[in-house]
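Raw target.cif, mmCIF, C-alpha atoms:
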data_protein
loop_
_atom_site.label_atom_id
_atom_site.label_comp_id
_atom_site.auth_asym_id
_atom_site.auth_seq_id
_atom_site.Cartn_x
_atom_site.Cartn_y
_atom_site.Cartn_z
CA MET Y 1 222.32 190.03 -158.16
CA ASN Y 2 221.49 192.45 -155.36
CA SER Y 3 220.06 189.71 -153.21
CA LEU Y 4 223.19 187.61 -153.77
CA LEU Y 5 225.28 190.51 -152.55
CA GLU Y 6 222.97 190.86 -149.54
CA LEU Y 7 223.46 187.16 -148.82
CA LEU Y 8 227.25 187.44 -149.09
CA ARG Y 9 227.15 190.40 -146.71
CA THR Y 10 225.50 188.41 -143.92
CA ASP Y 11 227.95 188.50 -141.05
CA PRO Y 12 229.26 186.16 -139.85
CA TRP Y 13 228.78 183.31 -142.30
CA PRO Y 14 227.53 180.27 -140.37
CA TRP Y 15 229.88 177.33 -139.79
CA TYR Y 16 228.02 175.08 -142.24
CA VAL Y 17 228.82 177.54 -145.05
CA THR Y 18 232.33 178.46 -143.91
CA GLY Y 19 233.61 174.93 -143.21
CA PRO Y 20 232.56 173.30 -146.52
CA LEU Y 21 234.00 176.25 -148.48
CA ILE Y 22 237.34 175.83 -146.70
CA GLY Y 23 237.27 172.07 -147.22
CA SER Y 24 236.59 172.46 -150.94
CA MET Y 25 239.97 174.24 -151.28
CA VAL Y 26 241.69 170.85 -150.99
CA PRO Y 27 240.22 169.14 -154.10
CA LEU Y 28 240.20 172.48 -155.95
CA LEU Y 29 243.97 173.00 -155.58
CA LEU Y 30 244.67 169.37 -156.47
CA TRP Y 31 242.68 169.83 -159.65
CA ILE Y 32 244.14 173.23 -160.56
CA GLY Y 33 247.76 172.17 -160.33
CA ASN Y 34 248.31 169.02 -158.23
CA HIS Y 35 248.95 171.22 -155.18
CA LEU Y 36 248.30 170.01 -151.66
CA PHE Y 37 246.50 172.72 -149.68
CA GLY Y 38 248.65 174.46 -147.07
CA VAL Y 39 249.69 177.95 -146.05
CA SER Y 40 252.71 177.82 -143.75
CA SER Y 41 255.18 176.59 -146.41
CA SER Y 42 254.86 180.12 -147.80
CA LEU Y 43 256.86 181.32 -144.76
CA ARG Y 44 259.68 178.98 -145.76
CA HIS Y 45 259.52 180.12 -149.38
CA ILE Y 46 259.72 183.77 -148.31
CA CYS Y 47 262.89 182.99 -146.34
CA ALA Y 48 264.34 180.94 -149.21
CA ALA Y 49 263.65 183.78 -151.65
CA ALA Y 50 264.72 186.70 -149.48
CA VAL Y 51 267.14 185.61 -146.74
CA PRO Y 52 268.41 182.05 -147.39
CA CYS Y 53 271.79 182.90 -145.77
CA GLY Y 54 273.29 179.65 -147.02
CA LEU Y 55 271.14 177.53 -144.66
CA PRO Y 56 270.44 174.01 -145.98
CA TYR Y 57 266.73 174.28 -145.02
CA PHE Y 58 266.39 177.16 -147.51
CA ALA Y 59 268.63 175.71 -150.23
CA TYR Y 60 265.99 174.56 -152.71
CA ASP Y 61 264.32 176.08 -155.74
CA TRP Y 62 261.41 177.99 -154.18
CA ARG Y 63 260.26 178.99 -157.68
CA LYS Y 64 258.99 175.43 -158.14
CA ASP Y 65 256.54 176.09 -155.31
CA ILE Y 66 255.61 179.58 -156.40
CA TRP Y 67 251.95 178.55 -156.54
CA ASN Y 68 251.97 178.82 -152.75
CA LEU Y 69 252.99 182.48 -152.90
CA TRP Y 70 250.22 183.18 -155.44
CA PHE Y 71 247.86 181.46 -153.03
CA VAL Y 72 248.79 183.58 -150.00
CA GLY Y 73 248.73 186.70 -152.20
CA GLY Y 74 245.17 185.71 -153.04
CA ILE Y 75 244.34 185.31 -149.34
CA ALA Y 76 245.56 188.84 -148.63
CA ALA Y 77 243.48 190.14 -151.59
CA GLY Y 78 240.47 188.23 -150.26
CA GLY Y 79 240.85 190.03 -146.94
CA VAL Y 80 240.58 193.34 -148.81
CA VAL Y 81 237.50 192.19 -150.76
CA ALA Y 82 235.74 190.94 -147.61
CA VAL Y 83 236.31 194.15 -145.68
CA THR Y 84 235.76 196.62 -148.54
CA TRP Y 85 232.76 195.17 -150.36
CA LEU Y 86 231.28 192.45 -148.19
CA GLU Y 87 231.01 194.23 -144.85
CA GLY Y 88 233.33 191.76 -143.18
CA GLY Y 89 235.38 192.30 -140.09
CA GLY Y 90 233.12 194.45 -137.91
CA PRO Y 91 232.35 193.74 -134.27
CA GLU Y 92 230.13 190.75 -133.54
CA ALA Y 93 228.28 189.19 -130.64
CA LEU Y 94 230.31 186.64 -128.71
CA ALA Y 95 229.07 184.04 -126.22
CA PRO Y 96 227.94 185.94 -123.07
CA ALA Y 97 230.38 184.05 -120.83
CA MET Y 98 233.21 185.03 -123.18
CA VAL Y 99 232.21 188.70 -123.13
CA GLU Y 100 232.17 188.62 -119.34
CA ARG Y 101 235.61 187.02 -119.20
CA LEU Y 102 237.12 189.48 -121.67
CA GLN Y 103 235.63 192.39 -119.72
CA SER Y 104 237.11 191.05 -116.49
CA PHE Y 105 240.47 191.25 -118.29
CA GLY Y 106 239.81 194.87 -119.15
CA LEU Y 107 238.90 194.24 -122.80
CA THR Y 108 235.61 195.40 -124.30
CA GLY Y 109 234.57 191.98 -125.60
CA SER Y 110 233.23 193.59 -128.74
CA GLY Y 111 234.33 190.67 -130.92
CA ASP Y 112 236.61 192.59 -133.29
CA LEU Y 113 238.90 190.47 -135.47
CA LEU Y 114 241.88 191.75 -133.50
CA PRO Y 115 240.67 193.63 -130.40
CA ARG Y 116 242.15 197.08 -130.86
CA GLU Y 117 242.46 197.70 -127.14
CA LEU Y 118 244.69 194.62 -126.92
CA PHE Y 119 246.77 194.89 -130.05
CA LEU Y 120 247.33 198.59 -130.52
CA ALA Y 121 249.83 200.44 -128.43
CA ASP Y 122 247.32 203.09 -127.29
CA GLY Y 123 245.19 200.48 -125.50
CA PRO Y 124 245.48 199.63 -121.80
CA PHE Y 125 247.93 196.85 -122.61
CA GLY Y 126 250.35 199.06 -124.46
CA ARG Y 127 253.57 197.26 -125.11
CA ILE Y 128 252.18 193.94 -123.86
CA GLY Y 129 250.02 193.84 -126.98
CA TRP Y 130 253.14 194.15 -129.12
CA GLY Y 131 254.79 191.40 -127.06
CA ILE Y 132 251.81 189.12 -127.77
CA VAL Y 133 251.96 189.94 -131.48
CA ILE Y 134 255.71 189.40 -131.79
CA ILE Y 135 256.08 186.32 -129.58
CA GLY Y 136 252.83 184.78 -130.80
CA GLY Y 137 253.70 185.40 -134.45
CA PHE Y 138 257.16 183.93 -133.92
CA LEU Y 139 255.70 180.77 -132.34
CA VAL Y 140 253.22 180.42 -135.21
CA GLY Y 141 256.02 180.48 -137.81
CA PHE Y 142 258.55 178.44 -135.82
CA GLY Y 143 256.01 175.86 -134.63
CA ALA Y 144 254.34 175.43 -138.01
CA ARG Y 145 257.65 174.75 -139.75
CA TYR Y 146 258.84 172.48 -136.93
CA ALA Y 147 255.57 170.52 -137.19
CA GLY Y 148 255.76 170.48 -141.00
CA GLY Y 149 252.47 172.30 -141.49
CA CYS Y 150 249.76 174.39 -139.86
CA THR Y 151 246.03 174.12 -139.33
CA GLY Y 152 245.50 174.18 -143.12
CA GLY Y 153 248.09 171.63 -144.22
CA HIS Y 154 247.74 169.30 -141.23
CA THR Y 155 244.29 169.72 -139.66
CA ILE Y 156 242.34 170.11 -142.91
CA ALA Y 157 244.37 168.63 -145.80
CA GLY Y 158 246.41 166.15 -143.75
CA ILE Y 159 243.55 164.61 -141.79
CA ALA Y 160 241.36 164.56 -144.91
CA THR Y 161 244.06 162.50 -146.67
CA LEU Y 162 244.29 160.21 -143.61
CA GLN Y 163 247.83 161.10 -142.56
CA ARG Y 164 248.72 159.98 -139.06
CA ALA Y 165 251.35 162.73 -138.61
CA SER Y 166 248.66 165.35 -139.25
CA LEU Y 167 246.39 163.93 -136.57
CA VAL Y 168 249.26 164.04 -134.06
CA ALA Y 169 250.09 167.62 -135.09
CA SER Y 170 246.46 168.73 -134.80
CA ILE Y 171 246.12 167.28 -131.30
CA ALA Y 172 249.35 169.08 -130.32
CA PHE Y 173 248.06 172.39 -131.83
CA PHE Y 174 244.98 172.06 -129.70
CA ILE Y 175 246.76 171.18 -126.46
CA GLY Y 176 249.22 174.06 -126.91
CA GLY Y 177 246.36 176.49 -127.59
CA LEU Y 178 244.22 175.22 -124.75
CA VAL Y 179 246.97 175.63 -122.17
CA THR Y 180 247.89 179.09 -123.47
CA ALA Y 181 244.33 180.42 -123.71
CA ARG Y 182 243.04 178.98 -120.44
CA TRP Y 183 246.06 179.28 -118.16
CA PHE Y 184 248.78 181.48 -119.57
CA LEU Y 185 246.67 184.42 -120.84
CA PRO Y 186 244.51 184.66 -117.66
CA ALA Y 187 247.65 184.57 -115.51
CA LEU Y 188 249.12 187.33 -117.67
CA TRP Y 189 245.99 189.50 -117.28
CA GLU Y 190 245.95 188.76 -113.55
CA ALA Y 191 249.48 190.07 -113.28
CA LEU Y 192 248.65 193.19 -115.30
CA VAL Y 193 245.16 194.30 -114.33
CA MET X 1 252.32 180.30 -171.14
CA SER X 2 248.52 180.23 -171.10
CA GLY X 3 248.84 177.05 -169.03
CA SER X 4 250.67 178.82 -166.25
CA VAL X 5 248.28 181.80 -166.40
CA LEU X 6 245.43 179.35 -165.87
CA ARG X 7 247.27 177.58 -163.07
CA TYR X 8 248.48 180.56 -161.11
CA GLY X 9 245.43 182.67 -161.90
CA GLY X 10 243.29 179.82 -160.61
CA VAL X 11 245.42 179.46 -157.50
CA PHE X 12 245.22 183.23 -156.86
CA LEU X 13 241.42 183.25 -157.23
CA GLY X 14 241.19 180.20 -154.97
CA GLY X 15 243.29 182.06 -152.41
CA LEU X 16 241.08 185.12 -152.79
CA ALA X 17 237.95 183.07 -152.09
CA PHE X 18 239.71 181.47 -149.13
CA GLY X 19 240.66 184.90 -147.75
CA VAL X 20 237.05 186.11 -148.02
CA VAL X 21 235.86 182.98 -146.19
CA LEU X 22 238.44 183.45 -143.41
CA ILE X 23 237.15 186.95 -142.70
CA LYS X 24 233.41 186.38 -143.26
CA GLY X 25 233.44 183.07 -141.40
CA ARG X 26 235.34 184.69 -138.52
CA ILE X 27 238.22 182.24 -138.58
CA ALA X 28 240.56 185.22 -138.55
CA SER X 29 239.17 186.43 -135.24
CA TRP X 30 241.10 186.51 -131.99
CA SER X 31 237.87 186.44 -129.97
CA ARG X 32 236.53 183.42 -131.87
CA ILE X 33 239.74 181.49 -131.28
CA GLN X 34 239.52 182.26 -127.55
CA GLU X 35 235.89 181.07 -127.59
CA MET X 36 237.00 177.83 -129.19
CA PHE X 37 239.64 177.12 -126.57
CA TRP X 38 237.14 177.93 -123.78
CA PHE X 39 234.56 175.56 -125.35
CA GLU X 40 232.04 178.37 -125.42
CA SER X 41 230.92 178.23 -129.02
CA PHE X 42 230.40 175.43 -131.52
CA HIS X 43 231.31 177.68 -134.46
CA MET X 44 235.00 176.78 -134.90
CA TYR X 45 234.39 173.09 -134.25
CA GLY X 46 231.64 173.05 -136.84
CA VAL X 47 233.93 174.82 -139.31
CA ILE X 48 236.89 172.48 -138.79
CA LEU X 49 234.88 169.25 -138.80
CA SER X 50 232.77 170.13 -141.84
CA ALA X 51 235.90 171.32 -143.69
CA ILE X 52 237.61 167.97 -143.04
CA VAL X 53 234.53 166.02 -144.16
CA VAL X 54 234.14 168.00 -147.40
CA ALA X 55 237.88 167.80 -148.16
CA MET X 56 237.81 164.06 -147.53
CA ILE X 57 234.84 163.52 -149.85
CA GLY X 58 236.55 165.64 -152.52
CA VAL X 59 239.81 163.70 -152.29
CA GLN X 60 238.00 160.34 -152.39
CA TRP X 61 236.02 161.47 -155.39
CA ILE X 62 239.24 162.52 -157.17
CA ARG X 63 240.80 159.12 -156.41
CA ARG X 64 237.81 157.09 -157.59
CA SER X 65 237.13 159.10 -160.71
CA GLU X 66 240.88 159.19 -161.51
CA LEU X 67 240.42 162.85 -162.29
CA ARG X 68 243.47 164.49 -163.82
CA SER X 69 244.77 167.95 -163.00
CA LEU X 70 244.31 170.81 -165.47
CA GLN X 71 247.79 169.99 -166.77
CA GLY X 72 246.69 166.43 -167.52
CA GLU X 73 248.83 164.91 -164.76
CA SER X 74 247.47 162.18 -162.54
CA ILE X 75 246.76 163.65 -159.12
CA LYS X 76 249.01 162.42 -156.34
CA ILE X 77 249.18 163.30 -152.69
CA THR X 78 252.65 163.43 -151.18
CA PRO X 79 252.72 161.78 -147.76
CA LYS X 80 253.82 164.00 -144.87
CA SER X 81 256.86 162.79 -142.97
CA ALA X 82 256.24 161.85 -139.34
CA ASP X 83 258.67 162.63 -136.53
CA ARG X 84 258.69 164.28 -133.11
CA GLY X 85 258.32 167.66 -134.81
CA GLN X 86 254.53 167.29 -135.01
CA MET X 87 254.37 166.99 -131.23
CA ILE X 88 256.89 169.64 -130.15
CA GLY X 89 256.37 172.07 -133.02
CA GLY X 90 252.63 171.49 -132.75
CA LEU X 91 252.53 172.54 -129.08
CA LEU X 92 254.51 175.71 -129.86
CA PHE X 93 252.29 176.50 -132.84
CA GLY X 94 249.19 176.03 -130.69
CA ALA X 95 250.55 178.50 -128.14
CA GLY X 96 251.16 181.05 -130.89
CA TRP X 97 247.69 180.44 -132.32
CA ALA X 98 246.06 181.20 -128.95
CA LEU X 99 248.18 184.32 -128.39
CA THR X 100 247.67 185.93 -131.79
CA GLY X 101 244.28 184.38 -132.51
CA ALA X 102 245.58 183.72 -136.00
CA CYS X 103 247.13 180.79 -137.83
CA PRO X 104 249.09 181.53 -141.03
CA GLY X 105 246.07 181.85 -143.38
CA PRO X 106 244.31 184.44 -141.22
CA ILE X 107 247.55 186.41 -140.78
CA TYR X 108 247.59 187.03 -144.54
CA ALA X 109 243.84 187.73 -144.60
CA LEU X 110 244.18 190.34 -141.83
CA LEU X 111 247.06 192.27 -143.43
CA ALA X 112 244.95 194.90 -145.17
CA SER X 113 242.22 195.51 -142.62
CA GLU X 114 244.21 195.33 -139.38
CA GLY X 115 247.33 197.11 -140.52
CA LEU X 116 250.43 197.21 -138.35
CA PRO X 117 249.64 194.43 -135.81
CA ALA X 118 249.00 191.97 -138.65
CA VAL X 119 252.11 193.08 -140.56
CA VAL X 120 254.22 192.59 -137.42
CA MET X 121 252.60 189.16 -136.91
CA LEU X 122 253.59 188.13 -140.42
CA LEU X 123 257.16 189.40 -140.06
CA SER X 124 257.48 187.58 -136.72
CA ALA X 125 256.14 184.38 -138.29
CA VAL X 126 258.67 184.65 -141.14
CA MET X 127 261.36 185.21 -138.53
CA GLY X 128 260.13 182.13 -136.65
CA ALA X 129 260.36 180.05 -139.82
CA TRP X 130 263.86 181.42 -140.46
CA VAL X 131 265.09 180.65 -136.93
CA TYR X 132 263.69 177.13 -137.29
CA GLY X 133 265.70 176.74 -140.50
CA ALA X 134 268.80 178.05 -138.75
CA ILE X 135 268.70 175.74 -135.69
CA ARG X 136 266.92 172.78 -137.27
CA ALA X 137 269.89 170.40 -137.05
CA ARG X 138 270.11 170.89 -133.29
CA LEU X 139 266.41 170.28 -132.57
CA PRO X 140 264.95 166.86 -131.71
CA HIS X 141 263.06 165.38 -134.66
#
Transcribe the structure of this file into structure tokens.
Amino acid sequence: MNSLLELLRTDPWPWYVTGPLIGSMVPLLLWIGNHLFGVSSSLRHICAAAVPCGLPYFAYDWRKDIWNLWFVGGIAAGGVVAVTWLEGGGPEALAPAMVERLQSFGLTGSGDLLPRELFLADGPFGRIGWGIVIIGGFLVGFGARYAGGCTGGHTIAGIATLQRASLVASIAFFIGGLVTARWFLPALWEALV
Amino acid sequence: MSGSVLRYGGVFLGGLAFGVVLIKGRIASWSRIQEMFWFESFHMYGVILSAIVVAMIGVQWIRRSELRSLQGESIKITPKSADRGQMIGGLLFGAGWALTGACPGPIYALLASEGLPAVVMLLSAVMGAWVYGAIRARLPH
């Protein structure tokens, strides 16, 4: 029992443990309740439940998809478990070239889940960090609903069930991220530092 | 009643396991996402590819064995509709993913440990979904 706990506390879990566990969510949810794995529909259900405002996109019975809200509630609880009991979420070693790049941007490159010096207002980026959080979060929600799914529903579940639309979406996710990470963010740091 | 406890309890526990994996496997990590887009680590690629392979094997196995769900229904996979949204929405989503270092799953997983930035991310994502719903008819699909 103790050695199992030790094993679970290894940080980070290697890709060949992490990936298969994520992939197994797809058949698991199909078996539990005929649910197709996905996370971003929860954003739509939250709107439909809380602020539908008479919009046709939110005029449906979100209670029929309530499993999805139980699922994201579970994800949030899992975050607590990982950090509280499994020593998750601390700093970790990144690729040396990445550390160098982050340091040239004025970040510590410590490999925190969300670098505090970037995302908290007391860091050198101050309000910029909040801008990244707000604009980035908005694009995640808007883009995922526009695309009809996110990395879970499209890249994992969609490609695994051989859906062409999901392959297109996943390629677009990647191009959008590539351009933003490699050109937009460096240009932003350049302008700030 | 006990049927829905089993269903939603199972879904919640599945979500809990998924949340643990997102944190321990460093999927919910801004730095890891940057590494991925800079091609400086195999980690995320290994995660995504092995997840797809395992999901694919699982789905094929369900199809061949004609496994039924816990409720005794035959398992069916609803096809996703294809339009220009995957392209345009996908590019916007990718930009948001690189900025925040988090897709929707990780945003939920980060809520407790990262506090305010993660809460604001979630609220902004909900707002993004709402604005999409509000202007949907005027967007190219």
- [ ] Find the residues in chain Y near chain X: any atom within 6 Å counts, using all atoms listed in the file. Write them as a ChimeraX atom specification.
- [x] /Y:12-13,15,18-20,22-24,26-27,31-34,39-40,43,57,70-71,74-80,82,88,111,113-114,133-134,136-147,156,160,165,169,172-174,176-178,180-181
TODO: One decimal, Å: what's the distance from atom CA of Y:Ser170 over to atom CA of Y:Leu29, could you say?
DONE: 21.4 Å
Open item on the list: Ranking Y:Trp189, Y:Trp130, Y:Trp183, Y:Trp62 by minimum distance to Y:Gly106 and counting only C-alpha atoms, which one comes first?
Closed with: Y:Trp189
Task: Non-local contacts of Y:His45 (9 Å; only C-alpha atoms; under 4 positions in same chain excluded) as a list in words - done: Ser41, Ala49, Ala50, Phe58, Asp61, Trp62, Arg63, Asp65, Ile66, Asn68 and Leu69 of chain Y
TODO: Calculate how many Å separate atom CA of Y:Gly152 from atom CA of Y:Pro14, rounding to one decimal.
DONE: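 These atoms are spaced 19.2 Å apart.
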